[in-house]
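Engineer: Could you have a look at this structure, given as structure tokens, before my questions?
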Amino acid sequence: MTAAFVENSHAPGARAWDYLLQTWRELDVPEGWRAEIDEGQIVLVPPPHAHHNGIAARVQRRLYTTLPNDLEIYQTLGIHVAPLGKLYVPDLVVMPTELIAAAAPETSDPLDAAEALLVVEITSGGNAREDRTKKYRAYARAGVPMYLLIDRFDTRGAMSTLFTEPNEDGTFKHTDAVPFGKPLALPAPFDVSIPTEEFPGAGAS
């Protein structure tokens with residue numbers, strides 16, 4: 001993750017968020033990069049490795065096999081973690097299609113993270129810690145019912161972990177972790193098994 005390039009120190013509270021959000025809306029981000037708001041500043045996330053993209057593609061393909069018609073998968077959708085004043089752009093996020101249809105076409109405002117059914121983050125060498133800690137806590141605080149963390153850099157070896165049943169204290173009550181090479185089951189409304197043995201690099205972990 002790159003260093004922050006926009007920081008707001010002159011406006012407190014809601015004014016600070018409004019300033020950062022307006023700046024985020026107006027950014028001309030290089031292709032493949034993502035801009036997020038965290039800790040009162042905007043940071044740029046560089047394009048991911050090819051293995052990272054390959055994992056995202058496989059997860060998305062498997063989810064589509066059972067995805068209900070009223071849900072959709074998005075790769076570049078900003079979501080607002082209102083309790084913490086953060087804005088993240090997950091690798092994948094599943095949202096009700098009606099929310100996207102209702103969004104104003106002339107703006108790129110983020111959607112409420114609390115409306116997400118599933119958030120997927122795939123770690124890269126430079127952001128693994130944020131995905132395991134900051135984003136874990138943020139998605140729990142937002143009430144995201146399922147957080148799938150695919151961590152190629154876990155010290156135990158490459159792991160896929162599904163966190164469910166979020167708490168307001170920023171933790172999840174239930175954790176289901178499997179190493180690359182073993183399937184990971186996602187409950188309703190997905191009712192699908194993610195074949196982690198198909199992930200790029202799975203044979204080397």
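Just remember, in the structure tokens the first chain shown is A, the second B, etc., residues are 1-based per chain, and ligands are 1-based in the order shown.
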With DSSP run on the backbone, what are the strand (DSSP E) residues within region 8-191 of chain A? I'd like them as a ChimeraX atom specification.
Structural biologist: /A:34-38,41-45,71-74,79-81,86-88,92-96,111-112,118-122,146-151,159-166,172-179,183-186
Engineer: Can you tell me which residues surround region 170-173 of chain A at a distance of at most 8 Å, considering only C-alpha atoms, apart from same-chain residues fewer than 3 positions away, and format the answer as a list in words?
Structural biologist: Tyr136, Arg137, Ala138, Tyr139, Ala140, Arg141, Phe163, Thr164, Glu165, Pro166 and Asn167 of chain A
Engineer: Mind the document's chain letters and residue numbers, and return as a PyMOL selection string the residues of region 44-128 of chain A that DSSP labels helix (DSSP H, G or I).
Structural biologist: chain A and resi 50-64+82-84+97-102+113-115+128
Engineer: When you look at Val93 (chain A) with a cut-off of 9 Å (counting only C-alpha atoms), what residues show up, excluding the ones that are within fewer than 2 positions of it in the same chain? I need them as a list in words.
Structural biologist: Glu72, Ile73, Tyr74, Gln75, Thr76, Leu77, Ile79, Val89, Pro90, Asp91, Met95, Ala116, Leu117, Leu118, Val119, Val120 and Glu121 of chain A
Engineer: Suppose we keep C-alpha atoms; can you now write the selection as a CSV table (one decimal), in the first residue's frame?
Structural biologist:
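And here is the file that came out, out28.csv:
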```csv
chain,number,residue,atom,x,y,z
A,72,GLU,CA,-24.6,-9.3,-7.7
A,73,ILE,CA,-20.8,-9.4,-7.4
A,74,TYR,CA,-18.7,-6.3,-7.8
A,75,GLN,CA,-14.9,-5.8,-8.0
A,76,THR,CA,-14.4,-2.0,-7.8
A,77,LEU,CA,-17.3,-1.0,-5.5
A,79,ILE,CA,-18.2,0.6,0.6
A,89,VAL,CA,-12.8,-1.1,-2.1
A,90,PRO,CA,-12.8,-4.8,-1.5
A,91,ASP,CA,-11.5,-7.3,-4.0
A,95,MET,CA,-24.6,-6.6,-2.8
A,116,ALA,CA,-23.1,-6.2,1.9
A,117,LEU,CA,-23.8,-9.9,2.1
A,118,LEU,CA,-20.2,-11.0,1.6
A,119,VAL,CA,-16.9,-9.1,1.4
A,120,VAL,CA,-13.8,-10.8,0.0
A,121,GLU,CA,-10.2,-9.6,0.6
```
Engineer: Choose the residue, out of A:Ala177, A:Leu44, A:Ala50, A:Val94, that has the smallest atom-to-atom separation from Val29 (chain A); count only C-alpha atoms.
Structural biologist: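 For Val29 (chain A), the nearest of the given residues is A:Leu44.
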Engineer: Just how far from CA of Ala158 (chain A) is CA of Ile42 (chain A), in Å to one decimal?
Structural biologist: 29.3 Å
